[in-house]
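K.L.:
My file is data-v6.cif. It has mmCIF, C-alpha atoms:
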```cif
data_entry
loop_
_atom_site.label_atom_id
_atom_site.label_comp_id
_atom_site.auth_asym_id
_atom_site.auth_seq_id
_atom_site.Cartn_x
_atom_site.Cartn_y
_atom_site.Cartn_z
CA VAL A 26 118.10 47.40 -4.53
CA LEU A 27 121.84 47.42 -3.74
CA GLY A 28 121.16 45.65 -0.45
CA LYS A 29 119.24 42.93 -2.20
CA GLN A 30 122.02 42.47 -4.76
CA VAL A 31 124.62 42.17 -1.98
CA ALA A 32 122.42 39.65 -0.15
CA VAL A 33 122.19 37.47 -3.25
CA VAL A 34 125.97 37.50 -3.67
CA LEU A 35 126.69 36.76 0.00
CA SER A 36 124.15 33.98 0.15
CA GLY A 37 126.19 31.92 -2.25
CA GLU A 38 123.24 31.29 -4.57
CA THR A 39 124.15 29.61 -7.82
CA GLY A 40 122.69 29.92 -11.28
CA THR A 41 123.22 31.69 -14.56
CA GLY A 42 123.99 35.39 -14.60
CA LYS A 43 120.50 36.08 -15.89
CA GLU A 44 118.89 34.12 -13.06
CA LEU A 45 121.00 35.83 -10.39
CA PHE A 46 120.22 39.24 -11.88
CA ALA A 47 116.51 38.46 -11.84
CA ARG A 48 116.68 37.49 -8.16
CA ALA A 49 118.66 40.60 -7.26
CA MET A 50 116.38 43.10 -9.00
CA PRO A 51 113.04 44.10 -7.40
CA ASP A 52 109.73 43.22 -9.03
CA THR A 53 108.54 46.45 -10.64
CA THR A 54 105.47 44.98 -12.35
CA PRO A 55 102.55 47.34 -11.63
CA THR A 56 99.70 45.75 -9.74
CA MET A 57 96.10 46.93 -9.54
CA ARG A 58 93.82 46.15 -6.66
CA THR A 59 90.46 44.71 -7.60
CA PRO A 60 88.17 47.74 -8.04
CA THR A 61 85.31 48.09 -5.59
CA THR A 62 81.72 48.02 -6.82
CA ALA A 63 81.44 51.76 -6.34
CA ARG A 64 84.50 52.42 -8.48
CA ARG A 65 83.25 50.11 -11.20
CA LEU A 66 79.87 51.85 -11.32
CA VAL A 67 81.44 55.30 -11.39
CA ALA A 68 83.74 54.17 -14.20
CA GLU A 69 80.75 52.89 -16.18
CA GLY A 70 78.77 56.08 -15.66
CA LEU A 71 81.72 58.33 -16.44
CA GLY A 72 82.81 56.31 -19.45
CA THR A 73 79.31 56.27 -20.91
CA ALA A 74 78.92 60.03 -20.35
CA LEU A 75 82.21 60.72 -22.13
CA LEU A 76 81.29 58.35 -24.98
CA ILE A 77 77.96 60.11 -25.50
CA ALA A 78 79.64 63.52 -25.34
CA ILE A 79 82.08 62.36 -28.02
CA VAL A 80 79.37 61.01 -30.32
CA VAL A 81 76.92 63.89 -29.94
CA GLY A 82 79.54 66.63 -29.70
CA SER A 83 81.49 65.50 -32.75
CA GLY A 84 78.22 65.21 -34.66
CA ILE A 85 77.32 68.81 -33.84
CA ARG A 86 80.79 70.04 -34.73
CA ALA A 87 80.94 68.05 -37.96
CA GLU A 88 77.53 69.22 -39.15
CA ARG A 89 78.42 72.87 -38.53
CA LEU A 90 81.73 72.65 -40.38
CA ALA A 91 80.67 70.39 -43.25
CA ALA A 92 78.45 73.07 -44.85
CA GLY A 93 75.74 70.63 -45.83
CA ASP A 94 78.06 67.78 -46.90
CA THR A 95 76.45 64.88 -45.03
CA ALA A 96 79.10 62.36 -46.10
CA LEU A 97 81.89 64.52 -44.73
CA ALA A 98 80.00 65.12 -41.50
CA LEU A 99 79.42 61.37 -41.08
CA LEU A 100 83.08 60.63 -41.73
CA CYS A 101 84.18 63.12 -39.08
CA ASN A 102 81.62 61.77 -36.61
CA ALA A 103 82.76 58.18 -37.22
CA LEU A 104 86.47 58.93 -36.83
CA ALA A 105 85.95 60.88 -33.61
CA THR A 106 83.81 58.10 -32.17
CA GLY A 107 86.35 55.41 -33.04
CA ALA A 108 89.25 57.36 -31.56
CA GLY A 109 87.28 58.17 -28.42
CA LEU A 110 86.30 54.54 -27.95
CA VAL A 111 89.91 53.40 -28.00
CA ALA A 112 90.84 55.99 -25.39
CA LEU A 113 87.94 55.11 -23.10
CA LEU A 114 88.39 51.35 -23.35
CA VAL A 115 92.12 51.45 -22.73
CA SER A 116 91.86 53.82 -19.76
CA LEU A 117 88.67 52.71 -17.98
CA GLY A 118 88.46 49.11 -19.16
CA PRO A 119 90.71 47.84 -16.35
CA VAL A 120 88.39 49.41 -13.76
CA SER A 121 84.94 48.22 -14.83
CA GLY A 122 85.46 46.08 -17.91
CA GLY A 123 84.68 49.01 -20.20
CA HIS A 124 81.09 48.18 -21.08
CA PHE A 125 79.57 51.68 -21.55
CA ASN A 126 76.70 49.86 -23.22
CA PRO A 127 73.78 47.91 -21.70
CA VAL A 128 73.95 45.16 -24.33
CA VAL A 129 77.61 44.54 -23.48
CA THR A 130 76.49 44.17 -19.87
CA LEU A 131 73.72 41.81 -21.03
CA SER A 132 76.30 39.73 -22.86
CA ASN A 133 78.43 39.49 -19.70
CA LEU A 134 75.35 38.51 -17.71
CA ILE A 135 74.60 35.70 -20.16
CA GLN A 136 78.22 34.51 -19.93
CA GLY A 137 78.05 34.49 -16.13
CA ASN A 138 80.65 37.24 -15.69
CA LEU A 139 78.20 39.44 -13.75
CA SER A 140 75.43 38.72 -11.27
CA PRO A 141 71.95 40.12 -12.03
CA ARG A 142 72.44 42.71 -9.29
CA GLU A 143 75.78 43.84 -10.73
CA ALA A 144 74.32 43.99 -14.21
CA LEU A 145 71.43 46.15 -13.03
CA GLY A 146 73.86 48.54 -11.36
CA TYR A 147 75.92 48.77 -14.54
CA VAL A 148 72.86 49.54 -16.69
CA LEU A 149 71.58 52.22 -14.33
CA ALA A 150 75.03 53.85 -14.27
CA GLN A 151 75.21 53.73 -18.06
CA LEU A 152 71.77 55.26 -18.56
CA SER A 153 72.50 58.02 -16.06
CA GLY A 154 75.83 58.72 -17.73
CA ALA A 155 74.17 58.84 -21.14
CA VAL A 156 71.85 61.67 -20.09
CA PHE A 157 74.71 63.64 -18.57
CA GLY A 158 76.74 63.06 -21.71
CA VAL A 159 74.08 64.69 -23.88
CA MET A 160 73.85 67.62 -21.51
CA ALA A 161 77.63 68.04 -21.53
CA ALA A 162 77.77 68.02 -25.33
CA HIS A 163 74.93 70.53 -25.66
CA ALA A 164 76.55 72.83 -23.10
CA MET A 165 79.78 72.88 -25.12
CA PHE A 166 77.92 74.22 -28.16
CA GLY A 167 75.50 76.58 -26.44
CA LEU A 168 72.40 74.45 -26.99
CA PRO A 169 69.54 73.69 -24.57
CA LEU A 170 70.69 70.91 -22.25
CA LEU A 171 68.07 68.51 -23.58
CA ALA A 172 65.96 68.62 -26.74
CA ALA A 173 63.57 66.06 -28.26
CA ALA A 174 64.98 64.68 -31.51
CA THR A 175 62.96 65.06 -34.72
CA GLN A 176 65.09 62.94 -37.07
CA ALA A 177 63.22 59.84 -38.28
CA ARG A 178 65.11 56.55 -38.23
CA THR A 179 62.70 53.67 -38.71
CA GLY A 180 61.78 50.74 -40.91
CA PRO A 181 62.89 47.10 -41.32
CA PRO A 182 66.21 47.93 -43.05
CA MET A 183 67.29 50.06 -40.08
CA TRP A 184 66.05 47.52 -37.54
CA TRP A 185 67.99 44.79 -39.33
CA SER A 186 71.02 47.11 -39.41
CA GLU A 187 70.86 47.54 -35.64
CA PHE A 188 70.52 43.80 -35.10
CA LEU A 189 73.53 43.10 -37.33
CA ALA A 190 75.62 45.95 -35.94
CA THR A 191 75.05 44.82 -32.35
CA PHE A 192 75.50 41.15 -33.21
CA GLY A 193 78.89 41.92 -34.76
CA LEU A 194 79.96 44.23 -31.94
CA ILE A 195 79.26 41.66 -29.22
CA GLY A 196 80.46 38.67 -31.21
CA LEU A 197 83.75 40.13 -32.38
CA GLY A 198 84.43 41.68 -28.99
CA LEU A 199 83.83 38.36 -27.25
CA ALA A 200 85.92 36.37 -29.73
CA THR A 201 88.82 38.83 -29.49
CA SER A 202 88.72 38.83 -25.70
CA ARG A 203 89.18 35.05 -25.73
CA HIS A 204 92.22 34.99 -28.02
CA ARG A 205 93.82 38.47 -28.20
CA PRO A 206 92.39 40.43 -25.26
CA GLY A 207 94.86 43.28 -25.59
CA LEU A 208 93.36 44.12 -28.97
CA VAL A 209 89.75 44.42 -27.78
CA PRO A 210 89.70 48.26 -27.69
CA PHE A 211 90.96 48.46 -31.26
CA VAL A 212 88.66 45.75 -32.62
CA VAL A 213 85.60 47.33 -30.99
CA ALA A 214 86.49 50.85 -32.12
CA GLY A 215 87.32 49.69 -35.64
CA TYR A 216 84.06 47.80 -35.98
CA ILE A 217 81.96 50.72 -34.74
CA THR A 218 83.77 53.12 -37.08
CA ALA A 219 83.03 50.78 -39.99
CA GLY A 220 79.43 50.38 -38.80
CA TYR A 221 78.78 54.07 -39.40
CA TRP A 222 79.19 53.29 -43.09
CA PHE A 223 78.05 49.74 -43.77
CA THR A 224 74.71 50.04 -41.95
CA SER A 225 71.73 52.20 -42.93
CA SER A 226 71.19 53.12 -39.26
CA THR A 227 74.79 54.36 -38.70
CA SER A 228 75.31 51.60 -36.14
CA PHE A 229 74.03 52.85 -32.79
CA ALA A 230 74.44 49.31 -31.33
CA ASN A 231 73.94 50.70 -27.83
CA PRO A 232 70.64 51.29 -25.98
CA ALA A 233 72.19 53.99 -23.78
CA LEU A 234 73.39 55.85 -26.87
CA THR A 235 69.99 55.39 -28.53
CA ILE A 236 68.20 56.92 -25.55
CA ALA A 237 70.73 59.73 -25.42
CA CYS A 238 70.27 60.49 -29.11
CA ALA A 239 66.52 60.77 -28.56
CA LEU A 240 67.38 63.72 -26.29
CA THR A 241 69.36 65.68 -28.90
CA ASP A 242 67.86 67.35 -31.97
CA THR A 243 71.19 67.38 -33.77
CA PHE A 244 73.11 65.33 -36.35
CA THR A 245 72.99 62.11 -34.29
CA GLY A 246 69.37 62.42 -33.15
CA ILE A 247 66.64 59.79 -33.37
CA ARG A 248 62.96 60.33 -32.64
CA ALA A 249 61.85 58.85 -29.34
CA ILE A 250 59.10 56.94 -31.14
CA ASP A 251 61.76 55.20 -33.26
CA ALA A 252 64.15 54.41 -30.41
CA SER A 253 62.19 51.47 -28.99
CA MET A 254 62.58 49.28 -32.08
CA PHE A 255 66.28 50.11 -32.28
CA ILE A 256 66.72 49.00 -28.66
CA LEU A 257 64.77 45.76 -29.21
CA ALA A 258 66.91 44.94 -32.24
CA GLN A 259 70.06 45.67 -30.24
CA ILE A 260 69.01 43.44 -27.35
CA PHE A 261 68.08 40.60 -29.70
CA GLY A 262 71.37 40.92 -31.60
CA SER A 263 73.40 40.98 -28.39
CA ALA A 264 71.73 37.92 -26.89
CA ASN A 265 72.17 35.88 -30.06
CA ALA A 266 75.81 36.89 -30.42
CA ALA A 267 76.59 36.06 -26.79
CA LEU A 268 75.07 32.59 -27.11
CA LEU A 269 76.69 31.80 -30.47
CA PHE A 270 80.18 33.14 -29.78
CA GLN A 271 80.28 31.64 -26.28
CA TRP A 272 79.97 28.27 -28.02
CA LEU A 273 82.18 29.23 -30.96
CA CYS A 274 85.01 30.66 -28.83
CA PRO A 275 84.88 28.96 -25.41
CA ALA A 276 86.79 30.67 -22.63
CA PRO A 277 90.05 29.06 -21.42
CA MET A 278 89.59 27.39 -18.05
CA ALA A 279 91.84 29.86 -16.19
CA ALA A 280 90.06 32.88 -17.66
CA ALA A 281 86.64 31.41 -17.00
CA SER A 282 87.38 31.04 -13.30
CA SER A 283 88.90 34.51 -12.74
CA PRO A 284 86.89 37.62 -11.84
CA PRO A 285 86.32 40.34 -14.50
CA ALA A 286 88.77 42.80 -12.92
CA GLN A 287 91.62 40.26 -13.09
CA ARG A 288 90.81 39.50 -16.73
CA TRP A 289 91.03 43.19 -17.60
CA GLN A 290 94.36 43.47 -15.77
CA GLY A 291 95.60 40.75 -18.08
CA ARG A 292 94.27 42.66 -21.06
CA THR A 293 96.12 45.82 -20.15
CA GLU A 294 99.33 43.85 -19.76
CA LEU A 295 98.89 42.53 -23.30
CA THR A 296 98.01 45.82 -24.94
CA SER A 297 101.53 47.09 -25.60
CA ALA A 298 102.88 43.66 -26.54
CA ASP A 299 100.09 43.02 -29.02
#
```
What is this file in structure tokens?
P.N.:
Amino acid sequence: VLGKQVAVVLSGETGTGKELFARAMPDTTPTMRTPTTARRLVAEGLGTALLIAIVVGSGIRAERLAAGDTALALLCNALATGAGLVALLVSLGPVSGGHFNPVVTLSNLIQGNLSPREALGYVLAQLSGAVFGVMAAHAMFGLPLLAAATQARTGPPMWWSEFLATFGLIGLGLATSRHRPGLVPFVVAGYITAGYWFTSSTSFANPALTIACALTDTFTGIRAIDASMFILAQIFGSANAALLFQWLCPAPMAAASSPPAQRWQGRTELTSAD
């Protein structure tokens, strides 16, 4: 650093003190190499596994401590999920985009951010991570690694809830990413936390989570026979949101032409400033 400062002085460069100081000091801005496909897939699998462990594990813990108070258990489950989402999106988002959800990947496919092959890899990683997440949560509480859920969650009100929850998740996430990308983790987590309470289905809004919850006979469980309609509603809500909000909030030209990893690097740079 001292050598560079001396070189600037000896070179006879002119300018304001601020400009000369800027030239003399080294660029300490952290840079991140574009993640490889393997790293992105591992990040998606790991992030989804941790998300499922948070949702299922906090549900088990809350139900055991709430002594039959379902509202209290749901509140604890919602807060833990929201906090965990922020942590996962901030930390792993710059690696893979922080999907952890097949309908988020579907939305990116519709927008042209991912190729069909990349999207398939993401979904497979997410589904694999979801199963491991359930197993991890069960192991923490001494339960069988997998168990078929017996809790019924079905009917038009719940299907509509899943459509609306997923529509809002994708739409608000997309709109925020276009205008205030550094706030995406907080908008997504806040919306999901609210969704626990304003929907009759408790806002799964995630096919990987839905499948995972069919494998746990605990507070967050859903019968396998009911899961298919939840997933269909989620896919339909995601596709409609992606199409509408892509028109409503068009991407800036520079962002539209940059790869996903570079966009997420920009998001992490904005996080603290926002």
K.L.:
What's the 8 Å shell around stretch 120-126 of chain A, counting only C-alpha atoms, without same-chain residues fewer than 3 positions away, as a PyMOL selection string?
P.N.:
chain A and resi 60+64-66+68-70+72-73+76+113-114+117+129-130+148+151+231-234+285-286+289
K.L.:
So the first atom is atom CA of A:Leu71 and the second is atom CA of A:Ser226; what is the distance between them in Å, to one decimal place?
P.N.:
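Atom CA of A:Leu71 sits 25.7 Å away from atom CA of A:Ser226.
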K.L.:
Any chance you could work out the axis-aligned box around stretch 243-251 of chain A, listed atoms only, 6 Å on each side, giving centre and edge lengths in Å to one decimal, as AutoDock Vina command-line options?
P.N.:
```
--center_x 66.1 --center_y 61.3 --center_z -32.8 --size_x 26.0 --size_y 24.2 --size_z 19.0
```
K.L.:
Which residue is closest to A:Thr227? Choose from A:Thr62, A:Thr175, A:Ser202, A:Thr245 and count only C-alpha atoms.
P.N.:
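Residue with the minimum atom-to-atom distance to A:Thr227: A:Thr245.
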K.L.:
In Å, with one decimal, what is the gap from atom CA of A:Gly154 to atom CA of A:Ala78?
P.N.:
9.8 Å
K.L.:
What is the distance, in Å and to one decimal place, between atom CA of A:Val115 and atom CA of A:Leu199?
P.N.:
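Separation between atom CA of A:Val115 and atom CA of A:Leu199: 16.1 Å.
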K.L.:
With only C-alpha atoms as the atoms that count, which of A:Gly93, A:Pro210, A:Gly109, A:Pro119 lies nearest to A:Thr59?
P.N.:
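For A:Thr59, the nearest of the given residues is A:Pro119.
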K.L.:
Env of A:Ala190: 7 Å cut, atoms = all atoms listed in the file, seq-sep filter 6 positions within chain, self excluded. Answer as a ChimeraX atom specification.
P.N.:
/A:220,228,230
K.L.:
Restricting it to C-alpha atoms, dump the selection as a PDB file, in the coordinates of the input.
P.N.:
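Okay, this is what ended up in out_14.pdb:
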```pdb
ATOM      1  CA  GLY A 220      79.430  50.380 -38.800  1.00  0.00           C
ATOM      2  CA  SER A 228      75.310  51.600 -36.140  1.00  0.00           C
ATOM      3  CA  ALA A 230      74.440  49.310 -31.330  1.00  0.00           C
TER       4      ALA A 230
END
```
K.L.:
Specify as a compact mmCIF listing (two decimals) with C-alpha atoms, keeping the file's coordinate frame each residue included when the PyMOL selection byres ((chain A and resi 256) around 10) is applied to this file.
P.N.:
```
# COMPACT_ATOMS: atom_id res chain seq x y z
CA PRO A 127 73.78 47.91 -21.70
CA VAL A 128 73.95 45.16 -24.33
CA TRP A 184 66.05 47.52 -37.54
CA GLU A 187 70.86 47.54 -35.64
CA PHE A 188 70.52 43.80 -35.10
CA PHE A 229 74.03 52.85 -32.79
CA ALA A 230 74.44 49.31 -31.33
CA ASN A 231 73.94 50.70 -27.83
CA PRO A 232 70.64 51.29 -25.98
CA ALA A 233 72.19 53.99 -23.78
CA LEU A 234 73.39 55.85 -26.87
CA THR A 235 69.99 55.39 -28.53
CA ILE A 236 68.20 56.92 -25.55
CA ASP A 251 61.76 55.20 -33.26
CA ALA A 252 64.15 54.41 -30.41
CA SER A 253 62.19 51.47 -28.99
CA MET A 254 62.58 49.28 -32.08
CA PHE A 255 66.28 50.11 -32.28
CA LEU A 257 64.77 45.76 -29.21
CA ALA A 258 66.91 44.94 -32.24
CA GLN A 259 70.06 45.67 -30.24
CA ILE A 260 69.01 43.44 -27.35
CA PHE A 261 68.08 40.60 -29.70
CA GLY A 262 71.37 40.92 -31.60
```
K.L.:
Determine the residue set returned by the PyMOL selection byres ((chain A and resi 209) around 10) for the present structure, and present it as a JSON list (two decimals) with C-alpha atoms, in the frame of the given file.
P.N.:
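Dumped to part_20.json:
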```json
[["chain", "number", "residue", "atom", "x", "y", "z"],
["A", 111, "VAL", "CA", 89.91, 53.40, -28.00],
["A", 114, "LEU", "CA", 88.39, 51.35, -23.35],
["A", 115, "VAL", "CA", 92.12, 51.45, -22.73],
["A", 118, "GLY", "CA", 88.46, 49.11, -19.16],
["A", 197, "LEU", "CA", 83.75, 40.13, -32.38],
["A", 198, "GLY", "CA", 84.43, 41.68, -28.99],
["A", 199, "LEU", "CA", 83.83, 38.36, -27.25],
["A", 200, "ALA", "CA", 85.92, 36.37, -29.73],
["A", 201, "THR", "CA", 88.82, 38.83, -29.49],
["A", 202, "SER", "CA", 88.72, 38.83, -25.70],
["A", 203, "ARG", "CA", 89.18, 35.05, -25.73],
["A", 204, "HIS", "CA", 92.22, 34.99, -28.02],
["A", 205, "ARG", "CA", 93.82, 38.47, -28.20],
["A", 206, "PRO", "CA", 92.39, 40.43, -25.26],
["A", 207, "GLY", "CA", 94.86, 43.28, -25.59],
["A", 208, "LEU", "CA", 93.36, 44.12, -28.97],
["A", 210, "PRO", "CA", 89.70, 48.26, -27.69],
["A", 211, "PHE", "CA", 90.96, 48.46, -31.26],
["A", 212, "VAL", "CA", 88.66, 45.75, -32.62],
["A", 213, "VAL", "CA", 85.60, 47.33, -30.99],
["A", 214, "ALA", "CA", 86.49, 50.85, -32.12],
["A", 215, "GLY", "CA", 87.32, 49.69, -35.64],
["A", 292, "ARG", "CA", 94.27, 42.66, -21.06],
["A", 296, "THR", "CA", 98.01, 45.82, -24.94]]
```
K.L.:
So, with all atoms listed in the file as the atoms that count, which of A:Ala74, A:Pro182, A:Thr61, A:Arg86 lies closest to A:Leu152?
P.N.:
A:Ala74
K.L.:
Could you spell out the hits of the PyMOL selection byres ((chain A and resi 168) around 12) on the shown file, as a PDB file with C-alpha atoms, in the coordinates of the input?
P.N.:
```pdb
ATOM      1  CA  VAL A  81      76.920  63.890 -29.940  1.00  0.00           C
ATOM      2  CA  GLY A  82      79.540  66.630 -29.700  1.00  0.00           C
ATOM      3  CA  ILE A  85      77.320  68.810 -33.840  1.00  0.00           C
ATOM      4  CA  VAL A 159      74.080  64.690 -23.880  1.00  0.00           C
ATOM      5  CA  MET A 160      73.850  67.620 -21.510  1.00  0.00           C
ATOM      6  CA  ALA A 161      77.630  68.040 -21.530  1.00  0.00           C
ATOM      7  CA  ALA A 162      77.770  68.020 -25.330  1.00  0.00           C
ATOM      8  CA  HIS A 163      74.930  70.530 -25.660  1.00  0.00           C
ATOM      9  CA  ALA A 164      76.550  72.830 -23.100  1.00  0.00           C
ATOM     10  CA  MET A 165      79.780  72.880 -25.120  1.00  0.00           C
ATOM     11  CA  PHE A 166      77.920  74.220 -28.160  1.00  0.00           C
ATOM     12  CA  GLY A 167      75.500  76.580 -26.440  1.00  0.00           C
ATOM     13  CA  PRO A 169      69.540  73.690 -24.570  1.00  0.00           C
ATOM     14  CA  LEU A 170      70.690  70.910 -22.250  1.00  0.00           C
ATOM     15  CA  LEU A 171      68.070  68.510 -23.580  1.00  0.00           C
ATOM     16  CA  ALA A 172      65.960  68.620 -26.740  1.00  0.00           C
ATOM     17  CA  LEU A 240      67.380  63.720 -26.290  1.00  0.00           C
ATOM     18  CA  THR A 241      69.360  65.680 -28.900  1.00  0.00           C
ATOM     19  CA  ASP A 242      67.860  67.350 -31.970  1.00  0.00           C
ATOM     20  CA  THR A 243      71.190  67.380 -33.770  1.00  0.00           C
TER      21      THR A 243
END
```
K.L.:
What lies within 10 Å of A:Ile250 using all atoms listed in the file, ignoring chain neighbours under 6 positions off, as a PDB file with C-alpha atoms, in the frame of the given file?
P.N.:
```pdb
ATOM      1  CA  ALA A 174      64.980  64.680 -31.510  1.00  0.00           C
ATOM      2  CA  THR A 175      62.960  65.060 -34.720  1.00  0.00           C
ATOM      3  CA  ALA A 177      63.220  59.840 -38.280  1.00  0.00           C
ATOM      4  CA  ARG A 178      65.110  56.550 -38.230  1.00  0.00           C
ATOM      5  CA  THR A 179      62.700  53.670 -38.710  1.00  0.00           C
ATOM      6  CA  ALA A 239      66.520  60.770 -28.560  1.00  0.00           C
TER       7      ALA A 239
END
```
K.L.:
So, counting only C-alpha atoms, which residue among A:Val156, A:Cys238, A:Ala173, A:Ala144 is closest to A:Ser132?
P.N.:
A:Ala144
K.L.:
With distances taken over all atoms listed in the file, which residue among A:Pro275, A:Leu99, A:Ile217, A:Leu75 lies nearest A:Phe192?
P.N.:
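Of all the options, A:Ile217 lies closest to A:Phe192.
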